[in-house]
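Coordinates from model.cif are shown below (mmCIF, C-alpha atoms and all ligand atoms).
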data_query
loop_
_atom_site.label_atom_id
_atom_site.label_comp_id
_atom_site.auth_asym_id
_atom_site.auth_seq_id
_atom_site.Cartn_x
_atom_site.Cartn_y
_atom_site.Cartn_z
CA MET A 1 -27.21 45.03 16.34
CA ARG A 2 -26.52 42.18 18.80
CA ASP A 3 -29.87 40.83 19.88
CA MET A 4 -29.91 40.50 23.66
CA ASN A 5 -33.20 38.55 23.57
CA THR A 6 -32.13 35.57 21.41
CA THR A 7 -33.51 32.26 22.64
CA SER A 8 -31.20 29.25 23.26
CA GLU A 9 -32.70 27.58 20.15
CA GLU A 10 -31.76 30.61 18.07
CA ARG A 11 -28.30 30.66 19.61
CA ASN A 12 -27.78 26.99 18.66
CA ARG A 13 -28.92 27.65 15.10
CA ILE A 14 -26.56 30.63 14.93
CA SER A 15 -23.51 28.71 16.18
CA GLU A 16 -24.29 25.83 13.81
CA LYS A 17 -24.13 28.17 10.80
CA GLY A 18 -20.65 29.26 11.85
CA THR A 19 -18.78 32.02 13.66
CA VAL A 20 -17.43 34.97 11.69
CA LEU A 21 -14.98 37.51 13.09
CA VAL A 22 -14.71 40.88 11.34
CA ILE A 23 -11.39 42.68 11.93
CA ASP A 24 -11.51 46.20 10.56
CA ASP A 25 -10.55 49.59 12.02
CA GLU A 26 -13.62 51.27 10.49
CA GLN A 27 -16.59 51.12 12.83
CA ALA A 28 -19.08 51.54 9.97
CA MET A 29 -17.62 48.50 8.18
CA ARG A 30 -17.71 46.34 11.33
CA ASP A 31 -21.30 47.32 12.11
CA SER A 32 -22.64 46.80 8.62
CA CYS A 33 -20.98 43.39 8.24
CA ARG A 34 -22.30 42.33 11.63
CA GLN A 35 -25.79 43.49 10.76
CA VAL A 36 -25.93 41.51 7.51
CA LEU A 37 -24.28 38.37 8.89
CA THR A 38 -26.20 38.21 12.19
CA LYS A 39 -29.45 38.56 10.27
CA ASP A 40 -28.36 35.60 8.12
CA GLY A 41 -27.87 33.47 11.24
CA TYR A 42 -24.07 33.63 11.70
CA ARG A 43 -22.55 34.26 15.09
CA THR A 44 -20.69 37.49 14.34
CA GLU A 45 -17.99 39.13 16.44
CA THR A 46 -15.82 42.14 15.65
CA ALA A 47 -12.39 43.54 16.47
CA GLU A 48 -10.95 46.96 15.65
CA ASN A 49 -7.30 46.03 15.19
CA GLY A 50 -4.94 43.12 14.63
CA ASN A 51 -3.99 42.56 18.27
CA SER A 52 -7.52 42.42 19.66
CA GLY A 53 -8.46 40.36 16.57
CA LEU A 54 -5.82 37.74 17.40
CA GLN A 55 -7.00 37.60 20.99
CA LYS A 56 -10.58 37.00 19.86
CA ILE A 57 -9.41 34.30 17.44
CA ARG A 58 -7.78 32.45 20.35
CA GLU A 59 -10.89 32.84 22.51
CA LEU A 60 -13.65 32.26 19.95
CA LYS A 61 -12.01 29.88 17.48
CA PRO A 62 -14.02 31.37 14.58
CA ASP A 63 -14.67 29.47 11.35
CA LEU A 64 -13.99 32.48 9.16
CA VAL A 65 -12.20 35.82 9.60
CA LEU A 66 -12.74 38.92 7.49
CA VAL A 67 -9.47 40.87 7.54
CA ASP A 68 -9.04 44.50 6.51
CA LEU A 69 -5.68 44.77 4.76
CA LYS A 70 -5.02 48.37 5.73
CA MET A 71 -5.16 48.98 9.46
CA PRO A 72 -3.04 51.05 11.84
CA GLY A 73 -0.66 48.92 13.92
CA MET A 74 -0.45 45.31 12.79
CA SER A 75 -1.04 45.14 9.03
CA GLY A 76 -3.58 42.80 7.47
CA MET A 77 -0.76 40.77 5.84
CA GLU A 78 0.95 40.27 9.20
CA LEU A 79 -2.37 39.35 10.74
CA LEU A 80 -2.98 36.73 8.03
CA GLU A 81 0.32 35.06 8.88
CA ASN A 82 -0.53 35.05 12.59
CA ILE A 83 -3.96 33.54 11.92
CA GLY A 84 -2.29 30.73 9.93
CA ASP A 85 0.02 30.07 12.87
CA ILE A 86 -2.85 29.85 15.36
CA ASP A 87 -5.09 27.60 13.24
CA PRO A 88 -4.43 27.03 9.52
CA SER A 89 -7.94 25.63 9.06
CA ILE A 90 -9.56 29.05 9.73
CA VAL A 91 -10.71 30.58 6.44
CA SER A 92 -9.41 34.15 5.98
CA ILE A 93 -11.04 36.57 3.57
CA VAL A 94 -9.40 39.88 2.85
CA ILE A 95 -11.27 43.19 2.63
CA THR A 96 -9.41 45.84 0.74
CA GLY A 97 -10.15 49.35 -0.40
CA TYR A 98 -7.60 49.32 -3.19
CA ALA A 99 -7.65 45.90 -4.79
CA THR A 100 -4.47 45.61 -6.74
CA ILE A 101 -3.43 42.30 -8.22
CA GLU A 102 -0.21 42.43 -6.19
CA SER A 103 -1.97 42.82 -2.83
CA ALA A 104 -4.42 40.04 -3.69
CA VAL A 105 -1.52 37.76 -4.70
CA GLU A 106 0.39 38.64 -1.52
CA ALA A 107 -2.70 37.85 0.57
CA MET A 108 -3.25 34.53 -1.23
CA LYS A 109 0.37 33.60 -0.52
CA ARG A 110 -0.48 34.04 3.15
CA HIS A 111 -3.32 31.57 2.67
CA ALA A 112 -6.19 34.06 2.32
CA TYR A 113 -9.00 32.18 0.59
CA ASP A 114 -10.75 35.07 -1.18
CA PHE A 115 -11.06 38.84 -1.20
CA LEU A 116 -13.75 41.53 -1.19
CA THR A 117 -13.20 45.01 -2.60
CA LYS A 118 -14.66 47.99 -0.73
CA PRO A 119 -17.38 49.09 -1.20
CA PHE A 120 -19.30 45.82 -1.46
CA THR A 121 -23.00 44.98 -1.33
CA PRO A 122 -24.62 42.72 1.30
CA ASP A 123 -25.15 40.10 -1.40
CA GLN A 124 -21.48 40.13 -2.39
CA LEU A 125 -20.60 39.67 1.28
CA ARG A 126 -23.10 36.79 1.65
CA ILE A 127 -21.73 34.95 -1.41
CA VAL A 128 -18.10 35.19 -0.28
CA ILE A 129 -18.93 34.15 3.31
CA LYS A 130 -21.04 31.22 2.16
CA ARG A 131 -18.31 30.01 -0.18
CA GLY A 132 -15.63 30.41 2.50
CA LEU A 133 -17.62 28.48 5.10
CA GLU A 134 -18.39 25.73 2.60
CA ARG A 135 -14.68 25.39 1.97
CA ARG A 136 -14.03 25.13 5.71
CA ARG A 137 -16.76 22.51 6.06
CA LEU A 138 -15.21 20.47 3.24
CA ALA A 139 -11.69 20.83 4.69
CA ILE A 140 -12.89 19.65 8.13
CA GLU A 141 -14.84 16.79 6.57
CA SER A 142 -11.87 15.71 4.46
CA ALA A 143 -9.53 15.80 7.50
CA ARG A 144 -12.06 13.70 9.44
CA LEU A 145 -12.31 11.14 6.62
CA GLN A 146 -8.52 11.02 6.32
CA ARG A 147 -8.23 10.35 10.06
CA GLU A 148 -10.92 7.68 9.83
CA LYS A 149 -9.15 6.05 6.89
CA GLU A 150 -5.86 5.97 8.78
CA MET A 151 -7.54 4.47 11.85
CA MET A 152 -9.24 1.80 9.73
CA LYS A 153 -5.95 0.97 8.08
CA GLU A 154 -4.19 0.77 11.43
CA ASN A 155 -6.89 -1.52 12.82
CA PHE A 156 -6.72 -3.62 9.68
CA VAL A 157 -2.95 -3.99 9.93
CA THR A 158 -3.35 -5.20 13.53
CA LEU A 159 -6.11 -7.57 12.50
CA VAL A 160 -4.15 -8.97 9.59
CA SER A 161 -0.91 -9.42 11.47
CA HIS A 162 -2.37 -10.98 14.60
CA GLN A 163 -5.63 -12.63 13.68
CA LEU A 164 -4.72 -13.94 10.22
CA ARG A 165 -1.00 -14.53 10.12
CA SER A 166 -0.70 -16.49 13.36
CA PRO A 167 -3.46 -19.06 12.69
CA LEU A 168 -2.15 -19.56 9.15
CA ALA A 169 1.32 -20.26 10.47
CA SER A 170 -0.18 -22.79 12.93
CA ILE A 171 -2.14 -24.54 10.14
CA LYS A 172 1.07 -24.79 8.14
CA GLN A 173 2.81 -26.37 11.11
CA TYR A 174 0.02 -28.95 11.58
CA PHE A 175 0.21 -29.83 7.89
CA GLY A 176 3.94 -30.39 8.30
CA VAL A 177 3.36 -32.73 11.24
CA ILE A 178 0.70 -34.72 9.31
CA ARG A 179 2.80 -34.89 6.13
CA GLU A 180 5.78 -36.26 8.02
CA GLY A 181 3.59 -39.08 9.39
CA PHE A 182 3.76 -38.03 13.06
CA ALA A 183 -0.04 -38.14 13.33
CA GLY A 184 -0.46 -41.51 11.65
CA GLU A 185 0.36 -43.07 8.32
CA VAL A 186 -0.17 -40.89 5.23
CA ASN A 187 -0.36 -42.33 1.73
CA SER A 188 1.28 -40.64 -1.26
CA LYS A 189 -1.98 -39.15 -2.59
CA GLN A 190 -2.76 -37.59 0.79
CA LYS A 191 0.81 -36.34 1.03
CA GLU A 192 0.51 -34.65 -2.35
CA MET A 193 -2.75 -32.95 -1.34
CA ILE A 194 -1.25 -31.73 1.93
CA GLU A 195 1.75 -30.36 0.04
CA ARG A 196 -0.52 -28.49 -2.36
CA ALA A 197 -2.53 -27.05 0.55
CA SER A 198 0.74 -26.00 2.23
CA ASN A 199 1.78 -24.17 -0.95
CA TYR A 200 -1.48 -22.21 -0.92
CA ILE A 201 -0.84 -21.28 2.69
CA ASP A 202 2.68 -20.14 1.74
CA ASP A 203 1.15 -17.91 -0.96
CA LEU A 204 -1.30 -16.46 1.55
CA LEU A 205 1.46 -15.84 4.11
CA GLN A 206 3.58 -14.19 1.39
CA LEU A 207 0.66 -11.96 0.41
CA ILE A 208 0.07 -10.96 4.05
CA ASN A 209 3.78 -10.25 4.59
CA ASP A 210 3.98 -8.19 1.39
CA TRP A 211 0.88 -6.27 2.35
CA LEU A 212 2.25 -5.57 5.83
CA ASP A 213 5.50 -4.40 4.20
CA ILE A 214 3.59 -1.91 2.04
CA SER A 215 1.77 -0.57 5.12
CA ARG A 216 5.06 -0.27 7.01
CA ILE A 217 6.71 1.62 4.14
CA GLU A 218 3.68 3.90 3.74
CA ALA A 219 3.80 4.67 7.46
CA GLY A 220 7.37 5.90 6.84
CA SER A 221 9.16 3.53 9.20
CA VAL A 222 12.05 2.81 6.78
CA ILE A 223 13.08 6.45 6.68
CA LYS A 224 14.30 6.38 10.30
CA LYS A 225 17.16 3.95 9.72
CA PHE A 226 19.12 5.80 7.02
CA LYS A 227 22.92 5.79 7.03
CA PRO A 228 25.65 5.79 4.36
CA ILE A 229 25.90 2.24 2.97
CA ALA A 230 27.70 0.42 0.16
CA LEU A 231 25.41 -1.20 -2.38
CA ALA A 232 27.81 -3.92 -3.58
CA PRO A 233 27.52 -6.16 -0.44
CA ILE A 234 23.74 -5.71 -0.48
CA LEU A 235 23.56 -6.85 -4.11
CA TYR A 236 25.95 -9.78 -3.45
CA GLN A 237 23.92 -10.98 -0.47
CA THR A 238 20.62 -10.65 -2.33
CA SER A 239 21.94 -12.58 -5.31
CA GLU A 240 23.30 -15.31 -3.04
CA LEU A 241 19.89 -15.62 -1.43
CA LEU A 242 18.27 -16.01 -4.85
CA GLN A 243 20.82 -18.43 -6.32
CA PRO A 244 18.73 -21.53 -5.41
CA LEU A 245 15.71 -20.01 -7.23
CA ALA A 246 17.91 -19.24 -10.26
CA ASP A 247 19.22 -22.83 -10.23
CA ALA A 248 15.71 -24.24 -9.98
CA MET A 249 14.57 -22.07 -12.91
CA LYS A 250 17.75 -22.83 -14.91
CA VAL A 251 18.59 -19.14 -15.17
CA THR A 252 22.12 -17.73 -14.88
CA LEU A 253 22.49 -14.94 -12.36
CA LYS A 254 25.41 -12.59 -13.18
CA LEU A 255 26.81 -9.74 -11.13
CA ASP A 256 28.91 -6.96 -12.65
CA LEU A 257 29.93 -4.70 -9.78
CA SER A 258 33.54 -4.24 -10.82
CA ASN A 259 33.43 -0.43 -10.94
CA ASN A 260 33.32 -0.08 -7.14
CA PRO A 261 30.16 2.00 -6.70
CA SER A 262 29.90 4.89 -4.23
CA LEU A 263 27.91 4.90 -1.02
CA VAL A 264 24.22 5.71 -0.89
CA GLU A 265 22.20 7.09 2.01
CA GLY A 266 19.80 4.32 2.94
CA ASP A 267 18.41 1.45 4.93
CA GLY A 268 20.18 -1.80 4.01
CA GLU A 269 17.37 -4.22 4.89
CA SER A 270 14.76 -2.28 2.89
CA LEU A 271 17.06 -1.96 -0.12
CA LYS A 272 17.77 -5.70 0.04
CA GLU A 273 14.05 -6.31 -0.06
CA ALA A 274 13.59 -4.01 -3.09
CA PHE A 275 16.42 -5.72 -5.02
CA LYS A 276 15.18 -9.16 -3.97
CA ASN A 277 11.78 -8.41 -5.53
CA LEU A 278 13.34 -7.09 -8.76
CA ILE A 279 15.94 -9.84 -9.19
CA SER A 280 13.46 -12.63 -8.32
CA ASN A 281 11.08 -11.21 -10.94
CA GLY A 282 13.95 -11.27 -13.47
CA ILE A 283 14.39 -14.98 -12.68
CA ASN A 284 10.71 -15.94 -12.45
CA TYR A 285 9.64 -14.19 -15.66
CA ASN A 286 12.61 -15.58 -17.60
CA ARG A 287 13.02 -18.66 -19.80
CA GLU A 288 15.09 -21.80 -19.39
CA GLY A 289 18.73 -20.99 -20.18
CA GLY A 290 18.12 -17.25 -19.74
CA THR A 291 20.18 -14.70 -17.81
CA VAL A 292 19.68 -11.99 -15.20
CA THR A 293 22.52 -9.44 -15.01
CA VAL A 294 22.83 -7.07 -12.08
CA SER A 295 25.21 -4.15 -12.70
CA THR A 296 25.98 -0.75 -11.19
CA LYS A 297 26.91 2.55 -12.80
CA ASP A 298 28.36 5.51 -10.92
CA GLU A 299 26.86 8.84 -12.02
CA VAL A 300 27.60 12.42 -10.97
CA ASP A 301 24.93 12.75 -8.30
CA GLY A 302 23.90 9.15 -7.80
CA LEU A 303 24.21 5.50 -8.50
CA VAL A 304 22.28 3.43 -11.03
CA VAL A 305 21.61 -0.28 -10.49
CA GLU A 306 20.46 -2.14 -13.57
CA ILE A 307 18.66 -5.47 -13.41
CA CYS A 308 18.51 -6.80 -16.93
CA ASP A 309 16.81 -10.08 -17.87
CA THR A 310 16.40 -12.08 -21.05
CA GLY A 311 12.86 -13.11 -20.14
CA ILE A 312 9.32 -12.86 -21.50
CA GLY A 313 9.19 -9.04 -21.50
CA ILE A 314 6.20 -6.84 -20.63
CA VAL A 315 3.49 -5.60 -23.03
CA LYS A 316 3.67 -1.81 -23.51
CA ASP A 317 0.13 -1.22 -22.16
CA ASP A 318 0.92 -3.20 -18.99
CA LEU A 319 4.05 -1.12 -18.27
CA HIS A 320 1.76 1.65 -16.94
CA PHE A 321 0.28 -0.65 -14.32
CA ILE A 322 3.04 -2.99 -13.12
CA PHE A 323 3.88 -0.71 -10.16
CA ASP A 324 0.23 -0.63 -8.97
CA ASP A 325 -0.74 -2.62 -5.87
CA PHE A 326 -1.90 -6.19 -6.67
CA PHE A 327 -1.47 -5.80 -10.46
CA ARG A 328 -0.42 -9.03 -12.17
CA VAL A 329 -0.03 -9.51 -15.92
CA LYS A 330 -2.31 -12.20 -17.32
CA ARG A 331 -0.61 -13.90 -20.27
CA LYS A 332 -0.16 -17.52 -21.14
CA GLU A 333 3.56 -17.12 -20.27
CA THR A 334 2.75 -15.91 -16.74
CA ARG A 335 0.27 -18.70 -15.99
CA GLY A 336 1.56 -20.87 -13.15
CA ILE A 337 3.99 -18.21 -11.84
CA ARG A 338 2.97 -17.50 -8.27
CA GLY A 339 3.02 -14.00 -6.81
CA SER A 340 1.07 -11.37 -4.89
CA GLY A 341 1.28 -8.45 -7.33
CA LEU A 342 2.98 -6.42 -4.58
CA GLY A 343 6.67 -7.05 -5.39
CA LEU A 344 7.12 -4.07 -7.71
CA PRO A 345 5.01 -1.57 -5.69
CA ILE A 346 7.04 -2.48 -2.59
CA ALA A 347 10.31 -2.00 -4.52
CA LYS A 348 9.13 1.34 -5.93
CA LYS A 349 7.98 2.66 -2.54
CA ILE A 350 11.28 1.67 -0.90
CA ILE A 351 13.29 3.36 -3.67
CA GLU A 352 11.17 6.51 -3.55
CA ALA A 353 11.55 6.61 0.25
CA HIS A 354 15.30 6.87 -0.55
CA ASP A 355 14.63 9.84 -2.87
CA GLY A 356 15.41 7.56 -5.79
CA CYS A 357 13.42 6.47 -8.81
CA ILE A 358 12.83 3.36 -10.88
CA LYS A 359 12.38 3.00 -14.63
CA VAL A 360 11.76 0.06 -16.89
CA VAL A 361 12.26 -0.68 -20.57
CA SER A 362 11.01 -3.92 -21.98
CA GLU A 363 10.60 -5.80 -25.21
CA ILE A 364 8.27 -8.74 -25.62
CA GLY A 365 10.16 -12.00 -26.01
CA LYS A 366 13.54 -10.30 -25.47
CA GLY A 367 13.51 -9.19 -21.85
CA SER A 368 13.26 -6.25 -19.45
CA THR A 369 15.70 -3.87 -17.78
CA PHE A 370 14.77 -2.19 -14.50
CA SER A 371 17.02 0.83 -13.71
CA ILE A 372 17.12 2.13 -10.16
CA PHE A 373 18.61 5.52 -9.40
CA LEU A 374 19.70 6.24 -5.83
CA PRO A 375 21.29 9.53 -4.68
CA LYS A 376 24.83 9.33 -3.32
CA ALA A 377 25.41 9.67 0.42
CA LYS A 378 26.55 13.17 1.33
CA VAL A 379 30.13 13.01 2.53
CA LYS A 380 30.68 15.21 5.58
CA VAL A 381 33.79 17.36 5.15
CA LYS A 382 35.88 17.53 8.35
CA LYS A 383 37.06 21.01 9.21
P1 LIG A 401 4.22 -10.56 -8.77
O1 LIG A 401 5.52 -10.93 -9.39
O2 LIG A 401 4.08 -11.02 -7.38
O3 LIG A 401 3.06 -10.91 -9.62
P2 LIG A 401 5.12 -7.80 -9.04
O4 LIG A 401 4.51 -6.57 -8.46
O5 LIG A 401 6.50 -8.13 -8.67
O6 LIG A 401 4.12 -8.97 -8.65
O7 LIG A 401 5.05 -7.69 -10.62
C1 LIG A 401 3.82 -7.32 -11.25
C2 LIG A 401 3.72 -7.99 -12.61
O8 LIG A 401 4.68 -7.41 -13.50
C3 LIG A 401 4.03 -9.47 -12.58
O9 LIG A 401 2.86 -10.20 -12.33
C4 LIG A 401 4.62 -9.71 -13.96
O10 LIG A 401 3.60 -10.05 -14.86
C5 LIG A 401 5.21 -8.37 -14.38
N1 LIG A 401 6.68 -8.39 -14.24
C6 LIG A 401 7.41 -7.93 -13.21
N2 LIG A 401 8.73 -8.06 -13.44
C7 LIG A 401 8.85 -8.62 -14.66
C8 LIG A 401 9.97 -8.99 -15.47
N3 LIG A 401 11.24 -8.82 -15.08
N4 LIG A 401 9.70 -9.54 -16.69
C9 LIG A 401 8.43 -9.70 -17.10
N5 LIG A 401 7.34 -9.37 -16.38
C10 LIG A 401 7.54 -8.83 -15.19
#
Now that the file is in, can you turn its structure into structure tokens?
Ligand code: ADP
Amino acid sequence: MRDMNTTSEERNRISEKGTVLVIDDEQAMRDSCRQVLTKDGYRTETAENGNSGLQKIRELKPDLVLVDLKMPGMSGMELLENIGDIDPSIVSIVITGYATIESAVEAMKRHAYDFLTKPFTPDQLRIVIKRGLERRRLAIESARLQREKEMMKENFVTLVSHQLRSPLASIKQYFGVIREGFAGEVNSKQKEMIERASNYIDDLLQLINDWLDISRIEAGSVIKKFKPIALAPILYQTSELLQPLADAMKVTLKLDLSNNPSLVEGDGESLKEAFKNLISNGINYNREGGTVTVSTKDEVDGLVVEICDTGIGIVKDDLHFIFDDFFRVKRKETRGIRGSGLGLPIAKKIIEAHDGCIKVVSEIGKGSTFSIFLPKAKVKVKK
């Protein structure tokens, strides 16, 4: 049925609609499929067994393959697996003379998209082919959009880190020079204004750094530095770093690490960052005279770090959102507390990158407890 006289315009139209390869040992089946599909404008090729089918797949790169399940030599199931290895985006549709549930399920497990039971009508064939090609079009489109999104994000990260962060840091430096009087005398009112402007720049720089952190974690760069580490020194160092904040907020920071916790598999710097965000929140969203207690609990398969504060607590409805990017609770108690809304999402992403999880319980006016579970490092047994 191949038309030797097709014009180049017709050939273009045909290749635009898609290429279908029919692999079946029955000549009558191959011919009838080709007749129907060519008439409908598809480029249609055929193969009489698995081996020549695979060769044609490599040469033609078809959009869709019709595979007979029962063929001498390579079986349809084996063929399906090979097609997936060559190009998993090719849509495979199974043709079978004895459609049992089991064979259909087996074929689906090998990524067949649909199946046709022999004998079938031209219309049944058309519907299945159309649906299969639509799926392929959507899969290709979605992969393209995903790639585009990643590229945009990558470009944005470069833009943010180079074009925004550097000039902001320079502005901050100039403000410092002016405030200190190196560029001429500054009165107290001007000094105060410059200080306020510097604080806004600090907030912006913090937001940019947090946002870059999120992008770095999402790109998976923390995963590469994993090794067995002890949590106690990490928690000590983080608390030490936050002691000045606790003093300024008149909050007592307590550590209870007496039970000598086991090692976890992780990246120390990232974990420090996660705990810094959680402990600083415990301090910032506390009250004068309040406490933040950091403790560890050894469990069978992991370690639990608890960060418990006696602060303002979190409304139940807000608990669903506090780990979302840029979410900040708006209450009269949180007014005046500066932040980017990225502290908790960063902490959560870091902990999940360690195969851990984070949970929170909170009571308004009483305080919140964030519990972080981290799996223990696997100890290698020497033989
Ligand atoms: P940020 O603190 O920068 O606003 P986070 O992502 O760290 O952002 O936290 C999101 C919101 O969750 C905060 O704005 C705050 O309202 C609430 N929150 C976080 N930790 C606590 C806590 N320990 N106690 C009360 N509220 C908290």
Task: All residues having an atom within 6 Å of ligand LIG 401 (chain A) (only C-alpha atoms and all ligand atoms) as a PyMOL selection string - done: chain A and resi 281-282+285+311-314+322+327-329+339-345+368
Please save C-alpha atoms of the selected residues as a PDB file, in the frame of the given file.
ATOM      1  CA  ASN A 281      11.080 -11.210 -10.940  1.00  0.00           C
ATOM      2  CA  GLY A 282      13.950 -11.270 -13.470  1.00  0.00           C
ATOM      3  CA  TYR A 285       9.640 -14.190 -15.660  1.00  0.00           C
ATOM      4  CA  GLY A 311      12.860 -13.110 -20.140  1.00  0.00           C
ATOM      5  CA  ILE A 312       9.320 -12.860 -21.500  1.00  0.00           C
ATOM      6  CA  GLY A 313       9.190  -9.040 -21.500  1.00  0.00           C
ATOM      7  CA  ILE A 314       6.200  -6.840 -20.630  1.00  0.00           C
ATOM      8  CA  ILE A 322       3.040  -2.990 -13.120  1.00  0.00           C
ATOM      9  CA  PHE A 327      -1.470  -5.800 -10.460  1.00  0.00           C
ATOM     10  CA  ARG A 328      -0.420  -9.030 -12.170  1.00  0.00           C
ATOM     11  CA  VAL A 329      -0.030  -9.510 -15.920  1.00  0.00           C
ATOM     12  CA  GLY A 339       3.020 -14.000  -6.810  1.00  0.00           C
ATOM     13  CA  SER A 340       1.070 -11.370  -4.890  1.00  0.00           C
ATOM     14  CA  GLY A 341       1.280  -8.450  -7.330  1.00  0.00           C
ATOM     15  CA  LEU A 342       2.980  -6.420  -4.580  1.00  0.00           C
ATOM     16  CA  GLY A 343       6.670  -7.050  -5.390  1.00  0.00           C
ATOM     17  CA  LEU A 344       7.120  -4.070  -7.710  1.00  0.00           C
ATOM     18  CA  PRO A 345       5.010  -1.570  -5.690  1.00  0.00           C
ATOM     19  CA  SER A 368      13.260  -6.250 -19.450  1.00  0.00           C
TER      20      SER A 368
END
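Taking atom CA of A:Gln27 as the reference point, atom CA of A:Asn49 is found at 10.9 Å.
Minimum atom-to-atom distance to A:Ile279, evaluated using all atoms listed in the file, belongs to A:Thr293 out of A:Ser362, A:Thr100, A:Thr293, A:Ser89.
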Open item on the list: Between atom CA of A:Glu26 and atom CA of A:Asp87, what is the distance in Å, rounded to a tenth?
Closed with: 25.3 Å
Open item on the list: Can you measure atom CA of A:Asp318 to atom CA of A:Arg335 for me? One decimal in Å is fine.
Closed with: 15.8 Å
